[in-house]
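Student: Take a look at upload_17.cif, mmCIF, C-alpha atoms:
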```
data_target
#
loop_
_atom_site.label_atom_id
_atom_site.label_comp_id
_atom_site.auth_asym_id
_atom_site.auth_seq_id
_atom_site.Cartn_x
_atom_site.Cartn_y
_atom_site.Cartn_z
CA PRO O 1 -18.84 4.15 -0.85
CA PRO O 2 -21.07 7.09 -1.83
CA GLY O 3 -20.02 9.24 -4.76
CA PRO O 4 -17.38 8.48 -7.40
CA VAL O 5 -14.63 6.07 -6.36
CA ARG O 6 -11.17 7.52 -6.87
CA VAL O 7 -8.04 5.57 -5.95
CA VAL O 8 -4.38 6.57 -5.94
CA ASN O 9 -1.77 3.81 -5.83
CA VAL O 10 1.76 5.09 -5.22
CA GLY O 11 4.37 2.52 -6.22
CA ALA O 12 1.98 0.46 -8.34
CA ASN O 13 4.59 -2.05 -9.53
CA LYS O 14 2.75 -5.08 -10.99
CA GLY O 15 -0.61 -3.52 -10.14
CA TYR O 16 -2.13 -5.80 -7.54
CA ALA O 17 -3.54 -2.85 -5.59
CA VAL O 18 -5.09 -1.70 -8.87
CA GLN O 19 -6.51 -5.17 -9.46
CA SER O 20 -7.88 -5.37 -5.92
CA ALA O 21 -9.71 -2.04 -6.23
CA LEU O 22 -11.19 -2.91 -9.62
CA ARG O 23 -12.24 -6.37 -8.46
CA ARG O 24 -14.10 -4.84 -5.55
CA TRP O 25 -15.84 -2.04 -7.40
CA VAL O 26 -15.88 -2.80 -11.13
CA MET O 27 -15.21 -6.41 -12.10
CA PRO O 28 -15.80 -9.01 -9.36
CA HIS O 29 -14.24 -11.78 -11.47
CA LEU O 30 -10.94 -9.93 -11.90
CA SER O 31 -9.08 -12.23 -9.51
CA GLY O 32 -5.43 -12.04 -8.59
CA ALA O 33 -4.86 -15.24 -10.54
CA ARG O 34 -6.33 -13.69 -13.69
CA TRP O 35 -4.15 -10.62 -13.24
CA ARG O 36 -1.12 -12.85 -12.82
CA ARG O 37 -1.85 -14.69 -16.07
CA ALA O 38 -1.90 -11.33 -17.85
CA ILE O 39 1.44 -10.40 -16.23
CA GLN O 40 2.95 -13.71 -17.35
CA SER O 41 1.74 -13.10 -20.88
CA VAL O 42 3.32 -9.63 -20.89
CA ALA O 43 6.53 -11.09 -19.43
CA ALA O 44 6.70 -13.56 -22.32
CA GLN O 45 6.15 -10.77 -24.85
CA VAL O 46 9.00 -8.65 -23.44
CA ASN O 47 11.17 -11.68 -22.65
CA SER O 48 11.46 -10.85 -18.95
CA GLY O 49 12.25 -13.87 -16.81
CA GLU O 50 12.27 -11.70 -13.68
CA LEU O 51 8.74 -10.42 -14.30
CA ALA O 52 7.52 -13.96 -14.97
CA TYR O 53 9.23 -15.34 -11.85
CA PHE O 54 7.81 -12.65 -9.56
CA SER O 55 4.45 -12.44 -11.32
CA ALA O 56 2.48 -13.41 -8.19
CA GLY O 57 3.76 -10.37 -6.27
CA ALA O 58 5.67 -10.22 -3.00
CA CYS O 59 2.58 -11.25 -1.00
CA ASP O 60 1.34 -13.90 -3.45
CA ASP O 61 -1.62 -11.75 -4.50
CA GLY O 62 -1.56 -13.48 -7.87
CA THR O 63 -2.53 -16.82 -6.36
CA TYR O 64 -6.00 -15.75 -5.21
CA THR O 65 -9.09 -16.76 -7.19
CA THR O 66 -11.81 -15.62 -4.76
CA LYS O 67 -14.60 -13.40 -6.04
CA VAL O 68 -15.09 -10.31 -3.88
CA GLY O 69 -18.25 -8.23 -3.94
CA SER O 70 -20.80 -7.88 -6.70
CA ALA O 71 -20.33 -4.23 -7.67
CA ASN O 72 -20.30 -3.21 -11.31
CA ARG O 73 -19.81 0.53 -11.00
CA ASP O 74 -18.85 2.83 -13.85
CA ASP O 75 -17.70 5.73 -11.65
CA VAL O 76 -14.37 4.19 -10.60
CA HIS O 77 -10.91 5.37 -11.63
CA VAL O 78 -7.48 4.35 -10.36
CA HIS O 79 -4.44 6.59 -10.70
CA ALA O 80 -1.34 4.39 -10.54
CA LEU O 81 2.07 6.01 -10.01
CA GLU O 82 5.05 3.96 -11.15
CA LEU O 83 8.63 5.24 -11.23
CA VAL O 84 10.31 2.51 -13.32
CA PRO O 85 9.67 2.90 -17.08
CA SER O 86 9.75 -0.81 -17.93
CA THR O 87 7.37 -1.66 -15.08
CA ARG O 88 5.07 1.17 -16.12
CA ARG O 89 4.86 -0.15 -19.67
CA ALA O 90 4.18 -3.66 -18.37
CA LEU O 91 1.38 -2.40 -16.12
CA GLU O 92 -0.25 -0.52 -19.00
CA ALA O 93 -0.11 -3.71 -21.08
CA VAL O 94 -1.72 -5.71 -18.27
CA THR O 95 -4.62 -3.25 -17.96
CA LEU O 96 -5.23 -3.59 -21.71
CA ALA O 97 -5.03 -7.39 -21.57
CA THR O 98 -7.55 -7.58 -18.72
CA GLY O 99 -9.98 -5.10 -20.28
CA VAL O 100 -9.76 -2.45 -17.55
CA ALA O 101 -7.60 0.20 -19.21
CA GLN O 102 -10.49 2.69 -19.26
CA TYR O 103 -10.53 2.62 -15.47
CA VAL O 104 -6.78 3.15 -14.96
CA THR O 105 -4.30 5.94 -15.62
CA VAL O 106 -0.65 4.99 -15.17
CA HIS O 107 1.39 8.09 -14.32
CA PRO O 108 5.14 8.30 -15.10
CA PHE O 109 6.39 9.61 -11.77
CA ALA O 110 6.99 8.87 -8.11
CA ALA O 111 5.70 10.54 -4.94
CA SER O 112 7.46 11.83 -1.84
CA ASN O 113 7.21 14.71 0.65
CA ALA O 114 8.58 17.23 -1.87
CA SER O 115 8.45 17.60 -5.63
CA GLY O 116 11.48 17.46 -7.89
CA PHE O 117 13.35 14.98 -10.06
CA VAL O 118 15.33 11.79 -9.45
CA LEU O 119 17.48 9.51 -11.58
CA VAL O 120 16.17 6.04 -12.47
CA ASP O 121 18.00 3.24 -14.24
CA ASN O 122 16.28 2.83 -17.62
CA THR O 123 17.70 -0.70 -17.95
CA THR O 124 15.85 -1.98 -14.87
CA SER O 125 13.78 -5.11 -15.52
CA PRO O 126 10.01 -4.73 -15.13
CA GLY O 127 8.33 -5.72 -11.89
CA GLY O 128 11.31 -5.61 -9.54
CA GLU O 129 10.37 -5.09 -5.88
CA ARG O 130 13.52 -3.23 -4.77
CA ASN O 131 13.40 -0.02 -6.81
CA HIS O 132 12.89 3.34 -5.11
CA ILE O 133 13.66 7.02 -5.63
CA ASP O 134 17.18 6.80 -4.13
CA ARG O 135 18.22 3.64 -5.96
CA CYS O 136 20.57 5.27 -8.50
CA LYS O 137 22.09 7.45 -5.77
CA LEU O 138 22.88 4.35 -3.68
CA VAL O 139 24.23 2.06 -6.41
CA GLY O 140 26.29 4.77 -8.14
CA PRO O 141 28.04 3.48 -11.30
CA ARG O 142 25.83 0.38 -11.31
CA CYS O 143 22.99 2.65 -12.39
CA ALA O 144 23.73 1.80 -16.01
CA GLN O 145 21.45 4.17 -17.92
CA PRO O 146 20.16 6.93 -15.63
CA ILE O 147 17.20 8.95 -16.83
CA GLN O 148 15.39 11.76 -15.05
CA GLN O 149 11.94 11.08 -13.63
CA ARG O 150 9.52 13.44 -11.94
CA VAL O 151 8.63 13.26 -8.24
CA ILE O 152 5.49 14.95 -6.88
CA THR O 153 3.50 14.99 -3.67
CA VAL O 154 0.08 13.41 -3.28
CA ASP O 155 -1.30 16.85 -2.46
CA GLU O 156 0.02 18.16 -5.79
CA LEU O 157 -1.37 15.15 -7.64
CA LEU O 158 -4.87 15.57 -6.22
CA ALA O 159 -4.80 19.29 -7.00
CA SER O 160 -3.69 18.67 -10.59
CA LEU O 161 -6.43 16.06 -11.05
CA LYS O 162 -8.98 18.37 -9.39
CA LEU O 163 -9.91 15.63 -6.93
CA SER O 164 -11.57 16.98 -3.80
CA GLN O 165 -12.15 13.50 -2.33
CA LEU O 166 -10.06 10.34 -2.55
CA SER O 167 -11.60 7.00 -1.63
CA TYR O 168 -8.37 5.10 -1.11
CA LEU O 169 -4.65 5.91 -1.01
CA ALA O 170 -2.44 2.81 -1.28
CA VAL O 171 1.30 3.34 -0.73
CA ASP O 172 4.01 0.76 -1.44
CA THR O 173 7.25 2.56 -2.22
CA GLU O 174 9.94 0.22 -0.88
CA GLU O 175 11.12 2.14 2.21
CA PHE O 176 9.71 5.61 1.44
CA ASP O 177 6.09 5.27 2.56
CA ALA O 178 6.51 7.68 5.48
CA LEU O 179 7.60 10.44 3.09
CA VAL O 180 4.67 9.81 0.76
CA LEU O 181 2.30 10.25 3.71
CA GLU O 182 3.95 13.54 4.59
CA GLY O 183 3.38 14.65 1.00
CA ALA O 184 -0.34 14.03 1.54
CA ALA O 185 -0.46 16.11 4.75
CA ALA O 186 -2.80 18.82 3.48
CA SER O 187 -5.26 16.32 2.00
CA LEU O 188 -5.23 14.22 5.16
CA ALA O 189 -5.76 17.29 7.34
CA ALA O 190 -8.69 18.30 5.14
CA ARG O 191 -10.19 14.80 5.59
CA ALA O 192 -10.08 14.46 1.80
CA ILE O 193 -8.73 10.87 1.92
CA ARG O 194 -11.06 8.26 3.37
CA VAL O 195 -8.73 5.24 3.60
CA VAL O 196 -4.92 5.11 3.71
CA GLU O 197 -2.78 1.98 3.50
CA PHE O 198 1.01 1.87 3.79
CA GLU O 199 3.92 -0.45 4.54
CA TYR O 200 5.92 -0.41 7.75
CA HIS O 201 9.19 -2.23 8.39
CA GLY O 202 12.71 -1.66 9.67
CA ILE O 203 14.67 -0.20 6.76
CA ASN O 204 15.48 3.26 5.43
CA TYR O 205 13.18 5.91 6.94
CA TRP O 206 11.61 3.37 9.32
CA ARG O 207 15.01 1.98 10.31
CA GLN O 208 15.52 1.22 13.96
CA GLY O 209 18.38 3.25 15.36
CA ARG O 210 18.75 5.42 12.25
CA ALA O 211 20.74 8.51 13.18
CA GLY O 212 19.56 12.00 12.35
CA ALA O 213 16.34 13.96 12.19
CA ASP O 214 15.06 12.05 9.16
CA VAL O 215 14.07 8.96 11.17
CA ARG O 216 10.36 8.11 11.23
CA THR O 217 8.54 5.97 13.79
CA LEU O 218 5.24 4.18 13.45
CA GLU O 219 4.15 5.54 16.83
CA LYS O 220 4.52 9.18 15.77
CA THR O 221 2.97 8.50 12.37
CA VAL O 222 -0.08 6.86 13.94
CA GLN O 223 -0.37 9.65 16.53
CA TRP O 224 -0.31 12.23 13.73
CA LEU O 225 -3.00 10.39 11.77
CA ASP O 226 -5.04 9.89 14.95
CA ALA O 227 -5.03 13.64 15.56
CA LEU O 228 -6.31 14.15 12.02
CA GLY O 229 -9.23 11.77 12.63
CA TYR O 230 -7.94 8.38 11.43
CA ASP O 231 -8.10 5.03 13.22
CA CYS O 232 -5.16 2.83 12.22
CA PHE O 233 -4.78 -0.94 12.31
CA TYR O 234 -2.20 -3.58 11.63
CA GLN O 235 -3.54 -5.87 8.94
CA SER O 236 -3.37 -9.57 9.62
CA LYS O 237 -1.74 -10.50 6.30
CA PRO O 238 0.91 -11.79 6.27
CA ALA O 239 -0.06 -14.10 9.12
CA ALA O 240 3.40 -13.89 10.65
CA ILE O 241 2.77 -10.26 11.56
CA LEU O 242 -0.44 -11.06 13.41
CA ASN O 243 1.23 -13.97 15.18
CA LYS O 244 4.07 -11.71 16.29
CA VAL O 245 1.61 -9.20 17.71
CA LEU O 246 -0.30 -11.99 19.44
CA LYS O 247 2.84 -13.38 21.03
CA LEU O 248 3.70 -9.95 22.38
CA VAL O 249 0.16 -9.48 23.69
CA THR O 250 0.02 -12.89 25.36
CA ALA O 251 3.38 -12.29 27.01
CA ALA O 252 2.27 -8.89 28.29
CA TYR O 253 -1.19 -9.87 29.51
CA GLY O 254 -0.90 -13.58 30.23
CA ILE O 255 -3.64 -14.55 27.73
CA PRO O 256 -3.16 -18.15 26.52
CA MET O 257 -1.84 -18.10 22.94
CA GLU O 258 -4.36 -20.73 21.87
CA LYS O 259 -7.26 -18.59 23.09
CA ALA O 260 -5.95 -15.48 21.34
CA LEU O 261 -5.34 -17.34 18.09
CA ALA O 262 -8.76 -18.99 18.17
CA PHE O 263 -10.41 -15.62 18.64
CA CYS O 264 -8.44 -13.90 15.90
CA HIS O 265 -8.80 -16.71 13.39
CA SER O 266 -12.57 -16.58 13.82
CA ASN O 267 -12.39 -13.00 12.51
CA ILE O 268 -10.66 -11.30 9.60
CA SER O 269 -8.18 -9.57 11.80
CA LEU O 270 -7.36 -5.89 12.07
CA VAL O 271 -5.31 -5.06 15.15
CA PRO O 272 -6.09 -1.51 16.42
CA ILE O 273 -3.01 0.60 17.10
CA SER O 274 -4.39 4.15 17.48
CA GLY O 275 -4.98 6.15 20.64
CA GLY O 276 -5.29 4.03 23.77
CA CYS O 277 -4.73 0.87 21.73
CA TRP O 278 -1.09 1.74 21.01
CA ARG O 279 1.53 -0.42 22.73
CA SER O 280 5.27 0.21 22.65
CA TYR O 281 5.91 -3.30 21.33
CA TYR O 282 4.00 -2.44 18.13
CA GLU O 283 7.18 -0.65 17.01
CA PHE O 284 8.64 -4.01 16.00
CA HIS O 285 10.19 -3.08 12.62
CA THR O 286 8.89 -6.07 10.70
CA TRP O 287 7.40 -6.00 7.20
CA SER O 288 3.70 -5.32 7.66
CA ASN O 289 0.78 -3.29 6.33
CA VAL O 290 -1.07 -0.56 8.20
CA ALA O 291 -4.55 0.58 7.17
CA CYS O 292 -6.10 3.81 8.48
CA PHE O 293 -9.77 4.74 8.18
CA LEU O 294 -11.34 8.17 8.57
CA ARG O 295 -13.55 8.14 11.64
CA GLY O 296 -17.25 8.68 11.08
CA GLU O 297 -17.16 7.54 7.46
CA TRP O 298 -18.78 4.51 5.85
CA GLU O 299 -15.55 2.53 5.52
CA ARG O 300 -14.67 2.86 9.22
CA THR O 301 -18.10 1.55 10.20
CA VAL O 302 -17.76 -1.49 7.93
CA VAL O 303 -14.32 -2.57 9.14
CA GLU O 304 -15.42 -2.61 12.77
CA ASN O 305 -16.70 -6.14 12.06
CA TYR O 306 -13.10 -7.26 11.49
CA VAL O 307 -11.34 -5.57 14.39
CA VAL O 308 -9.64 -7.77 16.96
CA ARG O 309 -10.70 -6.93 20.52
CA ASP O 310 -9.38 -8.43 23.72
CA PRO O 311 -10.47 -12.09 24.03
#
```
Using structure tokens, write down the structure from this file.

Tutor:
Amino acid sequence: PPGPVRVVNVGANKGYAVQSALRRWVMPHLSGARWRRAIQSVAAQVNSGELAYFSAGACDDGTYTTKVGSANRDDVHVHALELVPSTRRALEAVTLATGVAQYVTVHPFAASNASGFVLVDNTTSPGGERNHIDRCKLVGPRCAQPIQQRVITVDELLASLKLSQLSYLAVDTEEFDALVLEGAAASLAARAIRVVEFEYHGINYWRQGRAGADVRTLEKTVQWLDALGYDCFYQSKPAAILNKVLKLVTAAYGIPMEKALAFCHSNISLVPISGGCWRSYYEFHTWSNVACFLRGEWERTVVENYVVRDP
């Protein structure tokens, strides 16, 4: 992309979104497998069996060895937000071990749709995938050593960093992604974020049938982003998500499954879900990733090569 590359990763955890950004723009040989080896080394140093066991990440990002791109830019910086102190320390150690610490700032707070403070269990093992800003509130006395941690909005973060343009916002906050997006509303409306990626599923604020005004739906979220100028897509990884979409499409339109699969597997698949491409069955409440690209920008033009169209 033109200009300096600035990335914000909310809910950085073991740092695979950090690794992916740096591999693409700074160090092509920084594979997921290399990052995983560094995590395993840190896990051994801090004697964390949990971090070692889950070192590959929830989506097996640490198993990939493929080189991506050939960029070697020096104008890249990633701001990683991590709520859990032990995980934050582990991530900082991994960036040092892989030689990329100068490109990464690990911030000691979380993000939501409002700023404030939350309690976090300071005894939590590093790298766990189930920690979020309401964890201590939900587990009560099982929150063994609560400490106060800061929560900010993405809009506040960008203002404090004096960033007028963000290349990529990656959100993975275990059930709170919709709130993080709301906390970036001003930046999104100002077209100051070029690419947004977040998780969608069926728990907490995405939960199907959740009572009360705090429920969020993918349909309304995508409509909101569409009105701001973003085209959104389901990503094809994990494959089960794409297959579920394909099964729904084939049932609705009578397209043979084999034909649809052959078409999609000949492309790196992004399933469009904005505007006229939205279908009610896309609200399927299954773990999946959604990527949204600002229309008219370089990134949106590039990804058109990977978009699934009707066979």

Student: Once you count only C-alpha atoms, which residues end up no further than 7 Å from (-6.5, 9.0, -14.8) in the file's frame, shown as a PDB file with C-alpha atoms, keeping the file's coordinate frame?

Tutor:
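Listing of result.pdb after writing:
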```pdb
ATOM      1  CA  HIS O  77     -10.910   5.370 -11.630  1.00  0.00           C
ATOM      2  CA  VAL O  78      -7.480   4.350 -10.360  1.00  0.00           C
ATOM      3  CA  HIS O  79      -4.440   6.590 -10.700  1.00  0.00           C
ATOM      4  CA  VAL O 104      -6.780   3.150 -14.960  1.00  0.00           C
ATOM      5  CA  THR O 105      -4.300   5.940 -15.620  1.00  0.00           C
TER       6      THR O 105
END
```

Student: Would you kindly translate the PyMOL selection byres ((chain O and resi 175) around 7) into the concrete residues it picks from this file, as a list in words?

Tutor: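 So the PyMOL selection byres ((chain O and resi 175) around 7), applied here, picks out Thr173, Glu174, Phe176, Asp177, Ile203, Asn204 and Tyr205 of chain O.
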
Student: Dump as a PyMOL selection string all residues having an atom at most 10 Å from (-6.6, 7.8, 18.3), computed in the file's coordinates with only C-alpha atoms.

Tutor: chain O and resi 222-232+272-278+295

Student: To test your reading of the syntax: which residues would the PyMOL selection byres ((chain O and resi 170) around 6) return for the file shown? Reply as a PyMOL selection string.

Tutor: chain O and resi 9+169+171+197

Student: What is the distance, in Å and to one decimal place, between atom CA of O:Ser55 and atom CA of O:Pro85?

Tutor: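 Taking atom CA of O:Ser55 and atom CA of O:Pro85, their separation equals 17.2 Å.
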
Student: Which residues are near O:Ala144? Cut-off 8 Å, all atoms listed in the file, ignore same chain within fewer than 5 positions. Put them as a PyMOL selection string.

Tutor: chain O and resi 121-123

Student: Here is a test: counting all atoms listed in the file, which residue of O:Gln149, O:Asn47, O:Ser187, O:Asn113 is nearest to O:Asp214?

Tutor: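 The shortest atom-to-atom distance to O:Asp214 comes from O:Asn113.
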
Student: Between atom CA of O:Ser31 and atom CA of O:Ser86, what is the spacing in Å?

Tutor: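 The value is 23.6 Å.
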
Student: Atom CA of O:Gly116 to atom CA of O:Gln148: how many Å, to one decimal?

Tutor: 10.0 Å

Student: Restricting the calculation to all atoms listed in the file: of O:Ile39, O:Ala192, O:Ile133, O:Val118, which residue gets closest to O:Arg6?

Tutor: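 Comparing O:Ile39, O:Ala192, O:Ile133, O:Val118 against O:Arg6, the winner is O:Ala192.
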
Student: Expanded to explicit residues, what is the PyMOL selection byres ((chain O and resi 271) around 7) for this file, as an NGL selection string?

Tutor: :O and (233-235 or 269-270 or 272-273 or 307-308)

Student: Need the shell around O:Ser125: protein/DNA/RNA residues with any atom at most 8 Å away, counting only C-alpha atoms. Skip same-chain ones fewer than 3 positions apart. Format as a list of chain:residue names?

Tutor: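 Final neighbour list, sorted by chain and number: O:Ser48, O:Glu50, O:Leu51, O:Ser86, O:Thr87, O:Gly128.
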
Student: Just the selected residues (C-alpha atoms), exported as a short mmCIF file (atom, residue, chain, number, x, y, z; two decimals), in the coordinates of the input, please.

Tutor:
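File written: result_3.cif
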```
data_model
loop_
_atom_site.label_atom_id
_atom_site.label_comp_id
_atom_site.auth_asym_id
_atom_site.auth_seq_id
_atom_site.Cartn_x
_atom_site.Cartn_y
_atom_site.Cartn_z
CA SER O 48 11.46 -10.85 -18.95
CA GLU O 50 12.27 -11.70 -13.68
CA LEU O 51 8.74 -10.42 -14.30
CA SER O 86 9.75 -0.81 -17.93
CA THR O 87 7.37 -1.66 -15.08
CA GLY O 128 11.31 -5.61 -9.54
#
```

Student: I need the residue nearest O:Gly15 from this list: O:Ser41, O:Thr65, O:Thr95, O:Gln145. Use only C-alpha atoms for the distance.

Tutor: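 For O:Gly15, the nearest of the given residues is O:Thr95.
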
Student: When you count all atoms listed in the file, which of these residues is closest to O:Gly32: O:Leu96, O:Leu166, O:Leu157, O:Ala56?

Tutor: O:Ala56

Student: Using only C-alpha atoms, find the one residue out of O:Ala159, O:Ala111, O:Leu294, O:Ile147 that sits nearest to O:Leu188.

Tutor: O:Leu294

Student: Let me make sure I understand: among O:Thr98, O:Ala58, O:Leu138, O:Gly183, which one has the smallest atom-to-atom distance to O:Ser115 if we use all atoms listed in the file?

Tutor: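 Closest candidate: O:Gly183.
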
Student: O:Ala93: which residues within 9 Å, counting only C-alpha atoms, same-chain residues fewer than 6 positions away excluded, as a ChimeraX atom specification?

Tutor: /O:38-39,42,101
